Amino acid sequence: VLVAVPLFLLMGEIMLRAGLSDKLYRSLNLWFQRVPGGLLHTNIVSCSVFSAISGSSVATAATMGAVALPYFRRTAYSQPMVLGSLAAGGALGNLIPPGITFIVYGLITETSVGQLYLAAVGPSILVVLLFTLVILVHGLRHPLKLPEKIPLKVKLIGLIDLIPTAILILIVLGTIYSGLATPTESAALGVVGSIVFAVLSGRFSWKMLDESAKSTAHTTAFVGLILCGAYVLNFIFGSLGVPQALAKFVSGLPVPPWVIMALIIGFYLALGTFMEGFSMIVTTIPVIFPVVRTLGYDPIWFGVIVTMLVEIALISPPDGTVLYVLQGMRGTPGPITDVFRGVIPFIVVYILAIVILMAAPELALWLPRVSR
């Protein structure tokens with residue numbers, strides 16, 4: 001199952017170097033630049049689309065940040081909102097299938113990765129809509145001079161640049177959802193597809209492939225080292241009986257299950273302010289998961305909740321990884337607090353999305369049930 005991780009990362013790296021991500025942003029920009037909020041909407045939507053072929057929040061933020069930030073250097077857009085929208089959009093890389101966190105969670109808890117991907121569809125749409133609402137409100141409160149109206153013909157021609165990305169999404173997610181391929185097999189198909197499009201765009205070279213492979217190997221080694229530690233930790237906790245004892249203690253508490261779940265979510269939100277998201281999930285799930293099962297919660301639903309909490313950790317000040325990635329990519333100097341201020345509204349609505357998912361778990365569970 002873990003072979004899917006480097007394959008999804010490699011696909012995203014090849015796309016970046018083939019210029020497909022730049023075409024994606026320019027094409028979507030034609031449609032959103034006159035909506036209240038303008039280019040900020042393009043940030044969210046382009047990140048969402050790229051997330052469907054990347055699987056990594058950091059890779060999505062870095063890729064789309066490199067493409068988007070030059071567009072804002074001579075505009076009147078609020079720098080905090082520009083950086084905040086890119087951080088929030090980048091974080092979607094883990095939630096929107098094929099997110100890597102789902103693969104790791106599925107491996108640790110022995111939960112179907114395909115079912116987790118299906119469960120993530122509804123929450124992904126909800127989060128994107130909430131992010132769009134934040135930008136819409138900001139755009140109405142701080143209106144900017146609208147650019148010249150673009151003819152419909154030009155917009156439609158611009159959609160041609162979306163074809164490679166759409167085909168890759170269809171290959172990757174279509175084969176998973178239809179049952180034609182496992183996540184690992186679909187990732188391999190995606191890599192082949194990205195190479196084909198790189199050749200067709202005239203950007204393919206052995207040097208480009210070598211650079212993509214090296215970058216992928218670097219990230220994969222990082223993930224592998226953390227997973228290795230997680231398995232050791234899991235074995236030690238299991239041998240000591242910590243999860244079982246904790247589950248027994250929690251199940252005997254005189255409070256409703258939702259109160260305990262709310263405490264678990266609060267624990268993750270607090271942990272995310274000073275701990276890296278990926279490390280957070282692999283070190284806590286071996287202890288928390290048995291408690292969640294004892295409380296009677298669906299492991300697929302909890303997988304989506306945990307992934308959303310990991311994403312919040314990635315954009316939570318003062319230690320969110322994605323925030324520092326974007327700060328390092330800024331063309332104009334400025335304090336890191338710009339990024340912190342810009343991302344706060346998106347964190348608030350992200351937490352709101354988790355509350356909605358707790359109140360309406362069917363938002364995540366209906367699609368896996370229908371597919372069975």
# chains A, B, ... in the order shown; residues from 1 in each chain; ligands from 1

$ select_by_dssp --residues "stretch 74-252 of chain A" --states "alpha helix (DSSP H)" --output "number ranges by chain"
A: 79-95, 100-109, 113-119, 121-141, 152-158, 163-177, 183-200, 206-240, 242-251

$ closest_atom_pairs --of "stretch 35-146 of chain A" --to "stretch 357-365 of chain A" --cutoff "12 Å" --atoms "only C-alpha atoms" --output "JSON lines"
{"residue": "A:Leu95", "atom": "CA", "partner": "A:Ala364", "partner_atom": "CA", "distance": 11.9}
{"residue": "A:Gln115", "atom": "CA", "partner": "A:Leu365", "partner_atom": "CA", "distance": 9.1}
{"residue": "A:Leu116", "atom": "CA", "partner": "A:Ala364", "partner_atom": "CA", "distance": 8.9}
{"residue": "A:Tyr117", "atom": "CA", "partner": "A:Ala364", "partner_atom": "CA", "distance": 9.8}
{"residue": "A:Leu118", "atom": "CA", "partner": "A:Ala364", "partner_atom": "CA", "distance": 7.9}
{"residue": "A:Ala119", "atom": "CA", "partner": "A:Ala364", "partner_atom": "CA", "distance": 4.5}
{"residue": "A:Ala120", "atom": "CA", "partner": "A:Ala364", "partner_atom": "CA", "distance": 6.2}
{"residue": "A:Val121", "atom": "CA", "partner": "A:Ala364", "partner_atom": "CA", "distance": 7.2}
{"residue": "A:Gly122", "atom": "CA", "partner": "A:Leu363", "partner_atom": "CA", "distance": 5.6}
{"residue": "A:Pro123", "atom": "CA", "partner": "A:Ala364", "partner_atom": "CA", "distance": 6.3}
{"residue": "A:Ser124", "atom": "CA", "partner": "A:Ala364", "partner_atom": "CA", "distance": 9.4}
{"residue": "A:Ile125", "atom": "CA", "partner": "A:Leu363", "partner_atom": "CA", "distance": 10.1}
{"residue": "A:Leu126", "atom": "CA", "partner": "A:Leu363", "partner_atom": "CA", "distance": 9.1}
{"residue": "A:Val127", "atom": "CA", "partner": "A:Leu357", "partner_atom": "CA", "distance": 10.6}

$ residues_around --residues "stretch 350-356 of chain A" --least-positions-apart "6" --cutoff "12 Å" --atoms "only C-alpha atoms" --output "MDAnalysis selection string"
chainID A and resid 88:89 91:92 95 122:134 258 261:262 265:266 268:269 301:302 304:313 315:316 343:344 362:364

$ write_last_selection --atoms "N, CA and C atoms" --output "short mmCIF file (atom, residue, chain, number, x, y, z; two decimals), in the first residue's frame"
data_model
loop_
_atom_site.label_atom_id
_atom_site.label_comp_id
_atom_site.auth_asym_id
_atom_site.auth_seq_id
_atom_site.Cartn_x
_atom_site.Cartn_y
_atom_site.Cartn_z
N ALA A 88 -4.50 27.69 2.96
CA ALA A 88 -5.72 26.89 3.13
C ALA A 88 -5.95 25.97 1.94
N GLY A 89 -5.74 26.48 0.73
CA GLY A 89 -5.89 25.65 -0.46
C GLY A 89 -4.87 24.55 -0.51
N ALA A 91 -3.48 23.08 2.03
CA ALA A 91 -3.80 22.06 3.04
C ALA A 91 -4.78 21.02 2.51
N LEU A 92 -5.55 21.39 1.49
CA LEU A 92 -6.53 20.45 0.92
C LEU A 92 -5.86 19.24 0.28
N LEU A 95 -6.76 16.15 2.24
CA LEU A 95 -8.16 15.75 2.37
C LEU A 95 -8.75 15.26 1.05
N GLY A 122 -17.51 14.11 0.12
CA GLY A 122 -18.47 15.06 0.68
C GLY A 122 -17.81 16.13 1.53
N PRO A 123 -16.97 15.75 2.52
CA PRO A 123 -16.28 16.75 3.34
C PRO A 123 -15.37 17.67 2.51
N SER A 124 -14.75 17.14 1.46
CA SER A 124 -13.89 17.98 0.61
C SER A 124 -14.69 19.09 -0.04
N ILE A 125 -15.85 18.74 -0.57
CA ILE A 125 -16.72 19.74 -1.21
C ILE A 125 -17.17 20.77 -0.18
N LEU A 126 -17.53 20.31 1.03
CA LEU A 126 -17.96 21.21 2.10
C LEU A 126 -16.87 22.22 2.45
N VAL A 127 -15.64 21.75 2.62
CA VAL A 127 -14.53 22.64 3.00
C VAL A 127 -14.24 23.65 1.90
N VAL A 128 -14.23 23.20 0.65
CA VAL A 128 -13.98 24.11 -0.48
C VAL A 128 -15.05 25.20 -0.53
N LEU A 129 -16.30 24.81 -0.32
CA LEU A 129 -17.40 25.80 -0.33
C LEU A 129 -17.25 26.81 0.81
N LEU A 130 -16.85 26.35 1.98
CA LEU A 130 -16.65 27.25 3.12
C LEU A 130 -15.49 28.21 2.86
N PHE A 131 -14.41 27.71 2.27
CA PHE A 131 -13.28 28.57 1.92
C PHE A 131 -13.72 29.63 0.91
N THR A 132 -14.51 29.20 -0.07
CA THR A 132 -15.01 30.13 -1.09
C THR A 132 -15.88 31.20 -0.45
N LEU A 133 -16.69 30.81 0.53
CA LEU A 133 -17.56 31.76 1.24
C LEU A 133 -16.73 32.82 1.98
N VAL A 134 -15.64 32.38 2.63
CA VAL A 134 -14.75 33.32 3.32
C VAL A 134 -14.20 34.36 2.35
N TRP A 258 -20.17 11.63 22.48
CA TRP A 258 -19.82 12.82 21.70
C TRP A 258 -18.97 13.80 22.51
N MET A 261 -15.50 12.47 22.20
CA MET A 261 -15.01 12.76 20.85
C MET A 261 -14.63 14.24 20.72
N ALA A 262 -15.42 15.11 21.32
CA ALA A 262 -15.11 16.54 21.29
C ALA A 262 -13.78 16.82 22.01
N ILE A 265 -10.97 15.74 19.70
CA ILE A 265 -10.76 16.75 18.66
C ILE A 265 -10.03 17.97 19.22
N GLY A 266 -10.43 18.39 20.42
CA GLY A 266 -9.74 19.50 21.07
C GLY A 266 -8.27 19.18 21.34
N TYR A 268 -6.38 17.18 19.54
CA TYR A 268 -5.67 17.25 18.26
C TYR A 268 -5.45 18.70 17.83
N LEU A 269 -6.45 19.55 18.06
CA LEU A 269 -6.30 20.96 17.70
C LEU A 269 -5.17 21.61 18.50
N TRP A 301 -15.29 7.19 9.13
CA TRP A 301 -15.65 8.56 9.50
C TRP A 301 -14.54 9.21 10.31
N PHE A 302 -13.98 8.48 11.27
CA PHE A 302 -12.92 9.03 12.11
C PHE A 302 -11.65 9.30 11.28
N VAL A 304 -11.57 10.42 8.25
CA VAL A 304 -11.78 11.71 7.61
C VAL A 304 -11.58 12.85 8.62
N ILE A 305 -12.11 12.67 9.82
CA ILE A 305 -11.97 13.68 10.88
C ILE A 305 -10.49 13.92 11.20
N VAL A 306 -9.76 12.83 11.38
CA VAL A 306 -8.33 12.94 11.71
C VAL A 306 -7.56 13.63 10.60
N THR A 307 -7.87 13.29 9.36
CA THR A 307 -7.20 13.92 8.22
C THR A 307 -7.47 15.42 8.20
N MET A 308 -8.70 15.81 8.49
CA MET A 308 -9.03 17.24 8.55
C MET A 308 -8.26 17.92 9.68
N LEU A 309 -8.11 17.24 10.80
CA LEU A 309 -7.35 17.80 11.92
C LEU A 309 -5.86 17.93 11.59
N VAL A 310 -5.35 16.97 10.82
CA VAL A 310 -3.96 17.04 10.37
C VAL A 310 -3.77 18.26 9.46
N GLU A 311 -4.75 18.51 8.61
CA GLU A 311 -4.67 19.67 7.72
C GLU A 311 -4.69 20.98 8.51
N ILE A 312 -5.53 21.03 9.55
CA ILE A 312 -5.56 22.22 10.39
C ILE A 312 -4.20 22.41 11.07
N ALA A 313 -3.58 21.29 11.48
CA ALA A 313 -2.25 21.37 12.10
C ALA A 313 -1.22 21.94 11.11
N ILE A 315 -1.66 24.19 8.95
CA ILE A 315 -1.81 25.63 8.74
C ILE A 315 -2.05 26.38 10.06
N SER A 316 -1.74 25.71 11.18
CA SER A 316 -1.96 26.35 12.49
C SER A 316 -0.71 27.09 12.96
N VAL A 343 -4.46 33.22 7.51
CA VAL A 343 -4.99 31.85 7.54
C VAL A 343 -6.04 31.64 8.64
N ILE A 344 -6.12 32.56 9.61
CA ILE A 344 -7.04 32.40 10.75
C ILE A 344 -8.49 32.19 10.31
N GLU A 362 -23.27 11.27 8.07
CA GLU A 362 -23.64 10.71 6.77
C GLU A 362 -23.03 11.47 5.61
N LEU A 363 -22.61 12.71 5.86
CA LEU A 363 -21.95 13.49 4.83
C LEU A 363 -20.71 12.77 4.32
N ALA A 364 -20.06 12.02 5.22
CA ALA A 364 -18.88 11.25 4.83
C ALA A 364 -19.21 9.79 4.53
#

$ closest_residue --among "A:Pro80, A:Pro98, A:Gly65, A:Pro164" --to "A:Leu24" --atoms "only C-alpha atoms"
A:Pro164

$ residues_around --residues "A:Ile163" --least-positions-apart "5" --cutoff "12 Å" --atoms "only C-alpha atoms" --output "mmCIF file with all heavy atoms, in the first residue's frame"
data_model
loop_
_atom_site.group_PDB
_atom_site.id
_atom_site.type_symbol
_atom_site.label_atom_id
_atom_site.label_comp_id
_atom_site.auth_asym_id
_atom_site.auth_seq_id
_atom_site.Cartn_x
_atom_site.Cartn_y
_atom_site.Cartn_z
ATOM 1 N N LEU A 20 2.307 21.950 -16.296
ATOM 2 C CA LEU A 20 0.859 21.707 -16.304
ATOM 3 C C LEU A 20 0.157 22.484 -15.199
ATOM 4 O O LEU A 20 -0.984 22.920 -15.370
ATOM 5 C CB LEU A 20 0.581 20.201 -16.159
ATOM 6 C CG LEU A 20 1.098 19.307 -17.295
ATOM 7 C CD1 LEU A 20 0.763 17.853 -17.009
ATOM 8 C CD2 LEU A 20 0.505 19.727 -18.631
ATOM 9 N N SER A 21 0.826 22.667 -14.055
ATOM 10 C CA SER A 21 0.212 23.414 -12.953
ATOM 11 C C SER A 21 0.045 24.890 -13.312
ATOM 12 O O SER A 21 -0.933 25.531 -12.930
ATOM 13 C CB SER A 21 1.047 23.260 -11.679
ATOM 14 O OG SER A 21 2.400 23.567 -11.933
ATOM 15 N N LYS A 23 -0.460 26.068 -16.376
ATOM 16 C CA LYS A 23 -1.589 26.117 -17.309
ATOM 17 C C LYS A 23 -2.919 26.003 -16.567
ATOM 18 O O LYS A 23 -3.897 26.660 -16.907
ATOM 19 C CB LYS A 23 -1.472 24.992 -18.337
ATOM 20 C CG LYS A 23 -0.345 25.178 -19.342
ATOM 21 C CD LYS A 23 -0.327 24.033 -20.345
ATOM 22 C CE LYS A 23 0.783 24.233 -21.381
ATOM 23 N NZ LYS A 23 0.814 23.105 -22.354
ATOM 24 N N LEU A 24 -2.935 25.156 -15.545
ATOM 25 C CA LEU A 24 -4.138 24.981 -14.723
ATOM 26 C C LEU A 24 -4.539 26.309 -14.079
ATOM 27 O O LEU A 24 -5.711 26.712 -14.137
ATOM 28 C CB LEU A 24 -3.859 23.930 -13.641
ATOM 29 C CG LEU A 24 -4.837 23.822 -12.468
ATOM 30 C CD1 LEU A 24 -6.176 23.306 -12.953
ATOM 31 C CD2 LEU A 24 -4.282 22.913 -11.376
ATOM 32 N N SER A 27 -5.764 28.981 -16.684
ATOM 33 C CA SER A 27 -7.072 28.650 -17.239
ATOM 34 C C SER A 27 -8.203 28.976 -16.266
ATOM 35 O O SER A 27 -9.220 29.570 -16.639
ATOM 36 C CB SER A 27 -7.111 27.161 -17.607
ATOM 37 O OG SER A 27 -8.376 26.800 -18.107
ATOM 38 N N VAL A 49 -8.030 21.388 -7.368
ATOM 39 C CA VAL A 49 -7.853 20.525 -8.541
ATOM 40 C C VAL A 49 -6.495 19.829 -8.492
ATOM 41 O O VAL A 49 -6.389 18.622 -8.732
ATOM 42 C CB VAL A 49 -7.988 21.345 -9.851
ATOM 43 C CG1 VAL A 49 -7.676 20.479 -11.064
ATOM 44 C CG2 VAL A 49 -9.394 21.932 -9.968
ATOM 45 N N LEU A 156 -13.531 29.741 -22.988
ATOM 46 C CA LEU A 156 -13.739 28.365 -23.436
ATOM 47 C C LEU A 156 -12.467 27.786 -24.044
ATOM 48 O O LEU A 156 -12.135 26.617 -23.817
ATOM 49 C CB LEU A 156 -14.886 28.314 -24.455
ATOM 50 C CG LEU A 156 -16.277 28.642 -23.903
ATOM 51 C CD1 LEU A 156 -17.309 28.698 -25.015
ATOM 52 C CD2 LEU A 156 -16.701 27.609 -22.847
ATOM 53 N N ILE A 157 -11.745 28.615 -24.802
ATOM 54 C CA ILE A 157 -10.469 28.152 -25.372
ATOM 55 C C ILE A 157 -9.471 27.843 -24.254
ATOM 56 O O ILE A 157 -8.695 26.886 -24.324
ATOM 57 C CB ILE A 157 -9.886 29.219 -26.339
ATOM 58 C CG1 ILE A 157 -10.772 29.336 -27.583
ATOM 59 C CG2 ILE A 157 -8.452 28.870 -26.742
ATOM 60 C CD1 ILE A 157 -10.379 30.461 -28.529
ATOM 61 N N GLY A 158 -9.525 28.660 -23.179
ATOM 62 C CA GLY A 158 -8.638 28.443 -22.039
ATOM 63 C C GLY A 158 -8.857 27.111 -21.342
ATOM 64 O O GLY A 158 -7.944 26.573 -20.704
ATOM 65 N N LEU A 168 -5.794 13.181 -16.003
ATOM 66 C CA LEU A 168 -5.055 12.541 -14.915
ATOM 67 C C LEU A 168 -5.963 12.263 -13.717
ATOM 68 O O LEU A 168 -5.872 11.201 -13.092
ATOM 69 C CB LEU A 168 -3.881 13.419 -14.489
ATOM 70 C CG LEU A 168 -2.658 13.413 -15.408
ATOM 71 C CD1 LEU A 168 -1.622 14.419 -14.925
ATOM 72 C CD2 LEU A 168 -2.047 12.023 -15.486
ATOM 73 N N ILE A 169 -6.839 13.218 -13.385
ATOM 74 C CA ILE A 169 -7.794 12.998 -12.289
ATOM 75 C C ILE A 169 -8.709 11.821 -12.608
ATOM 76 O O ILE A 169 -8.996 10.974 -11.752
ATOM 77 C CB ILE A 169 -8.623 14.271 -12.037
ATOM 78 C CG1 ILE A 169 -7.732 15.385 -11.483
ATOM 79 C CG2 ILE A 169 -9.774 13.996 -11.062
ATOM 80 C CD1 ILE A 169 -8.424 16.730 -11.362
ATOM 81 N N LEU A 170 -9.170 11.762 -13.855
ATOM 82 C CA LEU A 170 -10.042 10.665 -14.280
ATOM 83 C C LEU A 170 -9.323 9.323 -14.183
ATOM 84 O O LEU A 170 -9.897 8.327 -13.730
ATOM 85 C CB LEU A 170 -10.500 10.915 -15.723
ATOM 86 C CG LEU A 170 -11.579 9.970 -16.266
ATOM 87 C CD1 LEU A 170 -12.875 10.125 -15.478
ATOM 88 C CD2 LEU A 170 -11.827 10.240 -17.748
ATOM 89 N N PHE A 197 2.067 13.401 -20.794
ATOM 90 C CA PHE A 197 1.719 14.809 -20.996
ATOM 91 C C PHE A 197 2.963 15.695 -20.984
ATOM 92 O O PHE A 197 3.000 16.724 -21.669
ATOM 93 C CB PHE A 197 0.722 15.276 -19.942
ATOM 94 C CG PHE A 197 -0.672 14.763 -20.181
ATOM 95 C CD1 PHE A 197 -1.314 13.987 -19.232
ATOM 96 C CD2 PHE A 197 -1.335 15.050 -21.365
ATOM 97 C CE1 PHE A 197 -2.597 13.511 -19.460
ATOM 98 C CE2 PHE A 197 -2.617 14.578 -21.599
ATOM 99 C CZ PHE A 197 -3.252 13.802 -20.642
#

$ closest_residue --among "A:Ala270, A:Met280, A:Ala52, A:Leu10" --to "A:Ala188" --atoms "only C-alpha atoms"
A:Leu10

$ atom_distance --atom1 "atom CA of A:Leu83" --atom2 "atom CA of A:Gln327"
8.0 Å

$ closest_residue --among "A:Tyr297, A:Phe222, A:Tyr77, A:Phe278" --to "A:Ile103" --atoms "only C-alpha atoms"
A:Phe278

$ atom_distance --atom1 "atom CA of A:Phe346" --atom2 "atom CA of A:Ile44"
11.0 Å

$ residues_around --residues "A:Gln33" --least-positions-apart "5" --cutoff "8 Å" --atoms "only C-alpha atoms" --output "list in words"
Gly38, Leu39, His41, Thr42, Leu146 and Pro147 of chain A

$ residues_around --residues "A:Thr175" --least-positions-apart "4" --cutoff "10 Å" --atoms "only C-alpha atoms" --output "list in words"
Ile169, Leu170, Ile171, Gly179, Leu180, Ala181, Thr182, Pro183, Glu185, Ser186, Ala187 and Leu189 of chain A

$ decode --residues "stretch 171-190 of chain A" --atoms "N, CA, C and O atoms" --output "compact mmCIF listing (two decimals), in the first residue's frame"
# COMPACT_ATOMS: atom_id res chain seq x y z
N ILE A 171 -8.04 9.31 -14.58
CA ILE A 171 -7.27 8.07 -14.51
C ILE A 171 -7.10 7.62 -13.07
O ILE A 171 -7.34 6.45 -12.72
N VAL A 172 -6.68 8.57 -12.20
CA VAL A 172 -6.36 8.21 -10.82
C VAL A 172 -7.61 7.88 -10.01
O VAL A 172 -7.75 6.78 -9.47
N LEU A 173 -8.52 8.85 -9.92
CA LEU A 173 -9.70 8.65 -9.07
C LEU A 173 -10.73 7.74 -9.74
O LEU A 173 -11.42 6.98 -9.06
N GLY A 174 -10.85 7.83 -11.06
CA GLY A 174 -11.83 6.99 -11.77
C GLY A 174 -11.54 5.51 -11.60
O GLY A 174 -12.46 4.71 -11.37
N THR A 175 -10.27 5.13 -11.70
CA THR A 175 -9.92 3.71 -11.57
C THR A 175 -10.08 3.22 -10.13
O THR A 175 -10.42 2.05 -9.90
N ILE A 176 -9.86 4.13 -9.15
CA ILE A 176 -10.05 3.74 -7.74
C ILE A 176 -11.53 3.56 -7.43
O ILE A 176 -11.95 2.54 -6.88
N TYR A 177 -12.34 4.57 -7.76
CA TYR A 177 -13.76 4.55 -7.42
C TYR A 177 -14.52 3.45 -8.17
O TYR A 177 -15.50 2.91 -7.66
N SER A 178 -14.08 3.15 -9.39
CA SER A 178 -14.77 2.12 -10.17
C SER A 178 -14.34 0.71 -9.78
O SER A 178 -14.96 -0.27 -10.19
N GLY A 179 -13.29 0.61 -8.97
CA GLY A 179 -12.81 -0.70 -8.55
C GLY A 179 -11.89 -1.35 -9.57
O GLY A 179 -11.50 -2.52 -9.39
N LEU A 180 -11.52 -0.63 -10.61
CA LEU A 180 -10.65 -1.20 -11.65
C LEU A 180 -9.21 -1.31 -11.18
O LEU A 180 -8.43 -2.10 -11.72
N ALA A 181 -8.82 -0.49 -10.20
CA ALA A 181 -7.43 -0.50 -9.73
C ALA A 181 -7.38 -0.14 -8.26
O ALA A 181 -8.25 0.55 -7.73
N THR A 182 -6.34 -0.64 -7.60
CA THR A 182 -6.07 -0.25 -6.21
C THR A 182 -5.44 1.15 -6.21
O THR A 182 -4.99 1.62 -7.26
N PRO A 183 -5.37 1.81 -5.05
CA PRO A 183 -4.70 3.12 -5.02
C PRO A 183 -3.26 3.07 -5.55
O PRO A 183 -2.81 4.00 -6.23
N THR A 184 -2.54 1.98 -5.27
CA THR A 184 -1.17 1.85 -5.75
C THR A 184 -1.13 1.74 -7.27
O THR A 184 -0.33 2.41 -7.94
N GLU A 185 -2.01 0.92 -7.83
CA GLU A 185 -2.05 0.76 -9.29
C GLU A 185 -2.47 2.05 -9.99
O GLU A 185 -1.92 2.42 -11.03
N SER A 186 -3.45 2.75 -9.41
CA SER A 186 -3.90 4.00 -10.02
C SER A 186 -2.81 5.07 -9.96
O SER A 186 -2.67 5.89 -10.87
N ALA A 187 -2.01 5.05 -8.87
CA ALA A 187 -0.90 5.99 -8.76
C ALA A 187 0.14 5.73 -9.85
O ALA A 187 0.68 6.67 -10.45
N ALA A 188 0.40 4.45 -10.12
CA ALA A 188 1.35 4.09 -11.19
C ALA A 188 0.83 4.55 -12.55
O ALA A 188 1.59 5.08 -13.37
N LEU A 189 -0.47 4.38 -12.77
CA LEU A 189 -1.07 4.85 -14.03
C LEU A 189 -0.95 6.37 -14.13
O LEU A 189 -0.71 6.91 -15.21
N GLY A 190 -1.13 7.05 -13.01
CA GLY A 190 -1.02 8.51 -12.99
C GLY A 190 0.38 8.98 -13.35
O GLY A 190 0.55 9.98 -14.06
